[in-house]
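Dumped run27.txt below, it's compact mmCIF, N, CA and C atoms:
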```txt
# COMPACT_ATOMS: atom_id res chain seq x y z
N MET A 125 69.18 109.53 47.81
CA MET A 125 68.49 108.28 47.62
C MET A 125 69.02 107.25 48.61
N THR A 126 68.13 106.49 49.17
CA THR A 126 68.50 105.42 50.09
C THR A 126 69.06 104.25 49.29
N TYR A 127 70.16 103.69 49.77
CA TYR A 127 70.76 102.58 49.04
C TYR A 127 70.56 101.26 49.76
N GLY A 128 69.56 101.18 50.59
CA GLY A 128 69.20 99.93 51.22
C GLY A 128 67.69 99.79 51.22
N LEU A 129 67.24 98.60 51.43
CA LEU A 129 65.80 98.35 51.48
C LEU A 129 65.35 98.35 52.92
N ASP A 130 64.28 99.05 53.20
CA ASP A 130 63.68 98.93 54.52
C ASP A 130 62.37 98.17 54.35
N SER A 131 61.74 97.85 55.45
CA SER A 131 60.54 97.02 55.39
C SER A 131 59.41 97.70 54.63
N THR A 132 59.31 99.01 54.73
CA THR A 132 58.27 99.73 54.00
C THR A 132 58.45 99.58 52.50
N MET A 133 59.67 99.74 52.02
CA MET A 133 59.93 99.61 50.58
C MET A 133 59.74 98.17 50.12
N LEU A 134 60.14 97.21 50.94
CA LEU A 134 59.91 95.81 50.57
C LEU A 134 58.42 95.51 50.44
N LEU A 135 57.64 96.04 51.37
CA LEU A 135 56.19 95.84 51.30
C LEU A 135 55.60 96.54 50.08
N LEU A 136 56.09 97.71 49.75
CA LEU A 136 55.59 98.43 48.58
C LEU A 136 55.98 97.71 47.29
N ILE A 137 57.17 97.14 47.24
CA ILE A 137 57.57 96.34 46.08
C ILE A 137 56.69 95.10 45.98
N LEU A 138 56.40 94.47 47.10
CA LEU A 138 55.49 93.32 47.10
C LEU A 138 54.11 93.73 46.59
N PHE A 139 53.65 94.89 47.00
CA PHE A 139 52.38 95.42 46.51
C PHE A 139 52.42 95.58 44.98
N CYS A 140 53.53 96.12 44.47
CA CYS A 140 53.68 96.28 43.02
C CYS A 140 53.65 94.93 42.31
N ILE A 141 54.27 93.93 42.90
CA ILE A 141 54.28 92.59 42.32
C ILE A 141 52.86 92.03 42.27
N ILE A 142 52.11 92.21 43.35
CA ILE A 142 50.74 91.70 43.41
C ILE A 142 49.85 92.43 42.40
N THR A 143 49.99 93.74 42.30
CA THR A 143 49.16 94.47 41.34
C THR A 143 49.54 94.10 39.90
N GLU A 144 50.82 93.84 39.66
CA GLU A 144 51.23 93.41 38.32
C GLU A 144 50.62 92.05 37.98
N ALA A 145 50.65 91.13 38.93
CA ALA A 145 50.04 89.82 38.71
C ALA A 145 48.54 89.95 38.50
N GLY A 146 47.90 90.80 39.30
CA GLY A 146 46.46 91.04 39.13
C GLY A 146 46.14 91.60 37.76
N ARG A 147 46.96 92.52 37.31
CA ARG A 147 46.77 93.11 35.99
C ARG A 147 46.85 92.05 34.89
N GLU A 148 47.87 91.21 34.95
CA GLU A 148 48.06 90.19 33.92
C GLU A 148 46.92 89.17 33.91
N VAL A 149 46.45 88.78 35.08
CA VAL A 149 45.33 87.83 35.16
C VAL A 149 44.06 88.48 34.61
N CYS A 150 43.84 89.73 34.94
CA CYS A 150 42.66 90.44 34.40
C CYS A 150 42.71 90.51 32.88
N PHE A 151 43.87 90.83 32.32
CA PHE A 151 43.99 90.91 30.86
C PHE A 151 43.76 89.54 30.23
N LYS A 152 44.27 88.48 30.86
CA LYS A 152 44.06 87.13 30.35
C LYS A 152 42.58 86.76 30.39
N LEU A 153 41.91 87.08 31.49
CA LEU A 153 40.48 86.78 31.61
C LEU A 153 39.68 87.54 30.55
N ALA A 154 40.06 88.77 30.30
CA ALA A 154 39.37 89.56 29.27
C ALA A 154 39.60 88.99 27.89
N SER A 155 40.81 88.52 27.63
CA SER A 155 41.12 87.99 26.30
C SER A 155 40.45 86.65 26.06
N ALA A 156 40.08 85.95 27.12
CA ALA A 156 39.45 84.63 26.98
C ALA A 156 37.94 84.73 26.80
N THR A 157 37.40 85.91 26.92
CA THR A 157 35.95 86.07 26.79
C THR A 157 35.52 85.92 25.34
N GLU A 158 34.35 85.41 25.17
CA GLU A 158 33.80 85.25 23.82
C GLU A 158 32.65 86.22 23.58
N GLN A 159 32.43 87.10 24.51
CA GLN A 159 31.33 88.05 24.41
C GLN A 159 31.87 89.45 24.19
N GLY A 160 31.45 90.07 23.11
CA GLY A 160 31.78 91.47 22.88
C GLY A 160 33.24 91.73 22.62
N ASN A 161 33.61 92.97 22.78
CA ASN A 161 34.95 93.46 22.53
C ASN A 161 35.82 93.25 23.77
N PRO A 162 36.91 92.46 23.67
CA PRO A 162 37.74 92.23 24.86
C PRO A 162 38.42 93.50 25.37
N TYR A 163 38.54 94.53 24.51
CA TYR A 163 39.19 95.78 24.92
C TYR A 163 38.30 96.61 25.84
N LEU A 164 37.00 96.36 25.78
CA LEU A 164 36.06 97.09 26.63
C LEU A 164 35.47 96.21 27.72
N HIS A 165 36.01 95.02 27.86
CA HIS A 165 35.51 94.08 28.86
C HIS A 165 35.83 94.61 30.27
N PRO A 166 34.97 94.35 31.24
CA PRO A 166 35.25 94.80 32.62
C PRO A 166 36.59 94.30 33.16
N TRP A 167 37.02 93.09 32.75
CA TRP A 167 38.32 92.60 33.21
C TRP A 167 39.45 93.47 32.65
N THR A 168 39.31 93.93 31.41
CA THR A 168 40.33 94.81 30.84
C THR A 168 40.39 96.11 31.61
N LEU A 169 39.24 96.67 31.90
CA LEU A 169 39.21 97.93 32.65
C LEU A 169 39.76 97.75 34.06
N THR A 170 39.48 96.61 34.68
CA THR A 170 40.05 96.33 36.00
C THR A 170 41.57 96.21 35.91
N GLY A 171 42.06 95.56 34.85
CA GLY A 171 43.50 95.45 34.63
C GLY A 171 44.16 96.81 34.46
N ILE A 172 43.47 97.72 33.78
CA ILE A 172 44.00 99.07 33.60
C ILE A 172 44.08 99.80 34.94
N VAL A 173 43.11 99.58 35.80
CA VAL A 173 43.15 100.18 37.14
C VAL A 173 44.35 99.64 37.92
N PHE A 174 44.55 98.30 37.86
CA PHE A 174 45.74 97.72 38.51
C PHE A 174 47.01 98.36 37.96
N TRP A 175 47.06 98.56 36.66
CA TRP A 175 48.23 99.15 36.01
C TRP A 175 48.49 100.57 36.53
N ALA A 176 47.43 101.36 36.64
CA ALA A 176 47.58 102.74 37.11
C ALA A 176 48.04 102.78 38.56
N VAL A 177 47.47 101.93 39.39
CA VAL A 177 47.87 101.88 40.81
C VAL A 177 49.33 101.46 40.92
N GLU A 178 49.71 100.45 40.14
CA GLU A 178 51.10 99.99 40.16
C GLU A 178 52.05 101.09 39.70
N LEU A 179 51.66 101.85 38.69
CA LEU A 179 52.49 102.94 38.19
C LEU A 179 52.81 103.95 39.30
N VAL A 180 51.80 104.32 40.05
CA VAL A 180 52.00 105.29 41.15
C VAL A 180 52.91 104.69 42.22
N ALA A 181 52.61 103.46 42.63
CA ALA A 181 53.42 102.82 43.68
C ALA A 181 54.85 102.60 43.21
N TRP A 182 55.02 102.13 41.98
CA TRP A 182 56.36 101.84 41.46
C TRP A 182 57.18 103.12 41.33
N THR A 183 56.57 104.20 40.89
CA THR A 183 57.27 105.47 40.79
C THR A 183 57.75 105.92 42.17
N TYR A 184 56.91 105.73 43.18
CA TYR A 184 57.32 106.07 44.54
C TYR A 184 58.50 105.20 44.99
N VAL A 185 58.44 103.90 44.70
CA VAL A 185 59.55 103.00 45.05
C VAL A 185 60.84 103.52 44.43
N LEU A 186 60.78 103.92 43.17
CA LEU A 186 61.99 104.34 42.47
C LEU A 186 62.56 105.66 42.99
N THR A 187 61.76 106.42 43.74
CA THR A 187 62.32 107.62 44.37
C THR A 187 63.13 107.27 45.62
N ARG A 188 62.98 106.05 46.11
CA ARG A 188 63.62 105.66 47.38
C ARG A 188 64.63 104.51 47.25
N VAL A 189 64.52 103.72 46.19
CA VAL A 189 65.36 102.52 46.06
C VAL A 189 66.06 102.56 44.70
N PRO A 190 67.33 102.22 44.64
CA PRO A 190 68.03 102.20 43.35
C PRO A 190 67.36 101.23 42.38
N LEU A 191 67.30 101.62 41.14
CA LEU A 191 66.70 100.78 40.11
C LEU A 191 67.39 99.43 40.02
N SER A 192 68.70 99.41 40.24
CA SER A 192 69.47 98.16 40.14
C SER A 192 69.08 97.14 41.21
N ILE A 193 68.40 97.58 42.25
CA ILE A 193 67.90 96.67 43.28
C ILE A 193 66.40 96.44 43.10
N ALA A 194 65.65 97.51 42.87
CA ALA A 194 64.20 97.40 42.79
C ALA A 194 63.74 96.58 41.59
N PHE A 195 64.32 96.83 40.43
CA PHE A 195 63.84 96.17 39.22
C PHE A 195 64.06 94.65 39.26
N PRO A 196 65.22 94.17 39.66
CA PRO A 196 65.36 92.71 39.76
C PRO A 196 64.38 92.08 40.76
N LEU A 197 64.03 92.81 41.81
CA LEU A 197 63.04 92.27 42.75
C LEU A 197 61.67 92.12 42.09
N MET A 198 61.38 93.01 41.15
CA MET A 198 60.11 92.91 40.42
C MET A 198 60.06 91.66 39.55
N ALA A 199 61.21 91.06 39.27
CA ALA A 199 61.23 89.83 38.48
C ALA A 199 60.49 88.69 39.18
N SER A 200 60.31 88.82 40.47
CA SER A 200 59.54 87.79 41.18
C SER A 200 58.09 87.78 40.73
N SER A 201 57.67 88.83 40.02
CA SER A 201 56.32 88.83 39.48
C SER A 201 56.14 87.68 38.48
N TYR A 202 57.22 87.25 37.81
CA TYR A 202 57.12 86.11 36.90
C TYR A 202 56.68 84.86 37.67
N ALA A 203 57.25 84.65 38.82
CA ALA A 203 56.88 83.49 39.63
C ALA A 203 55.46 83.63 40.15
N VAL A 204 55.10 84.82 40.61
CA VAL A 204 53.76 85.05 41.14
C VAL A 204 52.71 84.85 40.05
N VAL A 205 52.96 85.37 38.86
CA VAL A 205 52.01 85.20 37.76
C VAL A 205 51.86 83.72 37.41
N SER A 206 52.96 82.98 37.40
CA SER A 206 52.88 81.55 37.11
C SER A 206 52.05 80.81 38.16
N ILE A 207 52.26 81.13 39.41
CA ILE A 207 51.52 80.46 40.48
C ILE A 207 50.04 80.83 40.43
N VAL A 208 49.75 82.11 40.25
CA VAL A 208 48.36 82.55 40.17
C VAL A 208 47.69 81.94 38.93
N SER A 209 48.41 81.86 37.82
CA SER A 209 47.85 81.26 36.61
C SER A 209 47.48 79.80 36.83
N ALA A 210 48.30 79.10 37.58
CA ALA A 210 48.01 77.69 37.85
C ALA A 210 46.75 77.54 38.70
N PHE A 211 46.59 78.39 39.71
CA PHE A 211 45.45 78.26 40.61
C PHE A 211 44.18 78.90 40.08
N VAL A 212 44.29 80.09 39.53
CA VAL A 212 43.10 80.83 39.09
C VAL A 212 42.67 80.41 37.68
N LEU A 213 43.63 80.31 36.77
CA LEU A 213 43.31 80.02 35.37
C LEU A 213 43.42 78.54 35.03
N LYS A 214 43.86 77.73 36.00
CA LYS A 214 44.02 76.28 35.81
C LYS A 214 45.01 75.95 34.69
N GLU A 215 46.03 76.78 34.53
CA GLU A 215 47.06 76.51 33.53
C GLU A 215 48.03 75.46 34.07
N GLN A 216 48.57 74.66 33.17
CA GLN A 216 49.52 73.62 33.54
C GLN A 216 50.93 74.20 33.64
N ILE A 217 51.64 73.80 34.69
CA ILE A 217 53.04 74.20 34.86
C ILE A 217 53.87 72.92 34.87
N GLY A 218 54.73 72.79 33.88
CA GLY A 218 55.58 71.61 33.76
C GLY A 218 56.83 71.71 34.61
N ILE A 219 57.64 70.68 34.56
CA ILE A 219 58.85 70.63 35.37
C ILE A 219 59.86 71.69 34.93
N ARG A 220 60.05 71.88 33.63
CA ARG A 220 61.00 72.90 33.17
C ARG A 220 60.54 74.30 33.55
N HIS A 221 59.24 74.51 33.46
CA HIS A 221 58.67 75.79 33.87
C HIS A 221 58.94 76.02 35.37
N SER A 222 58.70 74.99 36.15
CA SER A 222 58.92 75.09 37.61
C SER A 222 60.38 75.36 37.93
N ILE A 223 61.29 74.71 37.21
CA ILE A 223 62.72 74.95 37.43
C ILE A 223 63.08 76.39 37.08
N GLY A 224 62.54 76.89 35.96
CA GLY A 224 62.78 78.28 35.58
C GLY A 224 62.29 79.26 36.62
N VAL A 225 61.09 79.01 37.13
CA VAL A 225 60.54 79.88 38.19
C VAL A 225 61.42 79.82 39.43
N ALA A 226 61.91 78.64 39.77
CA ALA A 226 62.79 78.50 40.94
C ALA A 226 64.10 79.26 40.73
N LEU A 227 64.66 79.20 39.52
CA LEU A 227 65.91 79.92 39.24
C LEU A 227 65.70 81.43 39.31
N VAL A 228 64.61 81.91 38.74
CA VAL A 228 64.31 83.34 38.82
C VAL A 228 64.14 83.74 40.28
N SER A 229 63.43 82.93 41.03
CA SER A 229 63.21 83.23 42.45
C SER A 229 64.52 83.26 43.22
N GLY A 230 65.43 82.34 42.90
CA GLY A 230 66.75 82.34 43.54
C GLY A 230 67.52 83.60 43.24
N GLY A 231 67.46 84.07 42.00
CA GLY A 231 68.11 85.32 41.63
C GLY A 231 67.51 86.51 42.36
N VAL A 232 66.20 86.51 42.49
CA VAL A 232 65.52 87.60 43.21
C VAL A 232 65.96 87.61 44.68
N ILE A 233 66.09 86.44 45.26
CA ILE A 233 66.55 86.36 46.66
C ILE A 233 67.95 86.92 46.79
N CYS A 234 68.84 86.55 45.85
CA CYS A 234 70.21 87.07 45.90
C CYS A 234 70.26 88.59 45.82
N VAL A 235 69.47 89.16 44.91
CA VAL A 235 69.44 90.61 44.77
C VAL A 235 68.84 91.25 46.02
N GLY A 236 67.76 90.66 46.53
CA GLY A 236 67.10 91.20 47.71
C GLY A 236 68.01 91.22 48.92
N VAL A 237 68.73 90.14 49.12
CA VAL A 237 69.65 90.07 50.26
C VAL A 237 70.78 91.07 50.11
N SER A 238 71.25 91.27 48.87
CA SER A 238 72.35 92.22 48.68
C SER A 238 71.90 93.66 48.91
N GLY A 239 70.59 93.91 48.79
CA GLY A 239 70.07 95.26 49.00
C GLY A 239 69.78 95.58 50.46
N LEU A 240 69.85 94.58 51.32
CA LEU A 240 69.55 94.82 52.74
C LEU A 240 70.72 95.40 53.48
```
Do you think you could lay out the structure here as C-alpha cells?
Amino acid sequence: MTYGLDSTMLLLILFCIITEAGREVCFKLASATEQGNPYLHPWTLTGIVFWAVELVAWTYVLTRVPLSIAFPLMASSYAVVSIVSAFVLKEQIGIRHSIGVALVSGGVICVGVSGL
C-alpha cells in the first residue's frame, strides 16, 4: 500500500467528495417533494446512483491510500455539502456554522499535508 498521496488519489478523493455532496443534495431534494413517494422520486434514484459511483471510487481509493489519511480528507464533504446547500437549496449558514466548517476544513488541510 502506498503511504503517500499522489495527484491521482487526491483527484479521486475530490471526486468522492463531490459525489457524496451530490448524493446528499439529491436526497434532500427528494425529501422536500410533495408529490408521490419520496423513496421512488427521481432525485432519490439519482442519489442512489451517486452513492454507487462513490462506493466504487472510494473502494479503489482505499486500496491505494491508508484509511487514516483518506477518511479524514473525506470530512471536507461536510464543508462542501454546507456550501452547496447554501447555493442550491438556499439554506442559511450562520456564523457558528461557518466557524465549524472552517475548523473542519483546517483539520482536513492538516491531514492532507501530512499525507503528502
Would you compute the box with edges along x, y and z of the file around segment 226-240 of chain A, including every atom the file lists for it and 3 Å extra on each side, and give its centre and edge lengths in Å to one decimal, as lines of an AutoDock Vina configuration file?
```
center_x = 67.1
center_y = 87.0
center_z = 46.1
size_x = 16.4
size_y = 23.1
size_z = 20.7
```
Separation of atom N of Val173 of chain A from atom C of Ala156 of chain A, in Å and rounded to one decimal: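 So the answer is 18.1 Å.
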Residue with smallest distance to Ser238 of chain A - pool A:Thr132, A:Ser200, A:Ser192, A:Thr183, counting only C-alpha atoms: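 Looking only at the distances to Ser238 of chain A, the closest residue turns out to be A:Ser192.
Separating atom CA of Ile207 of chain A from atom C of Phe151 of chain A is a distance of 15.7 Å.
For the atom pair formed by atom CA of Gly224 of chain A and atom C of Val177 of chain A, the distance is 27.3 Å, given to one decimal.
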Per-residue DSSP, segment 142-238 of chain A, filtered to alpha helix (DSSP H), as a PyMOL selection string: chain A and resi 142-155+166-188+191-198+200-212+219-238
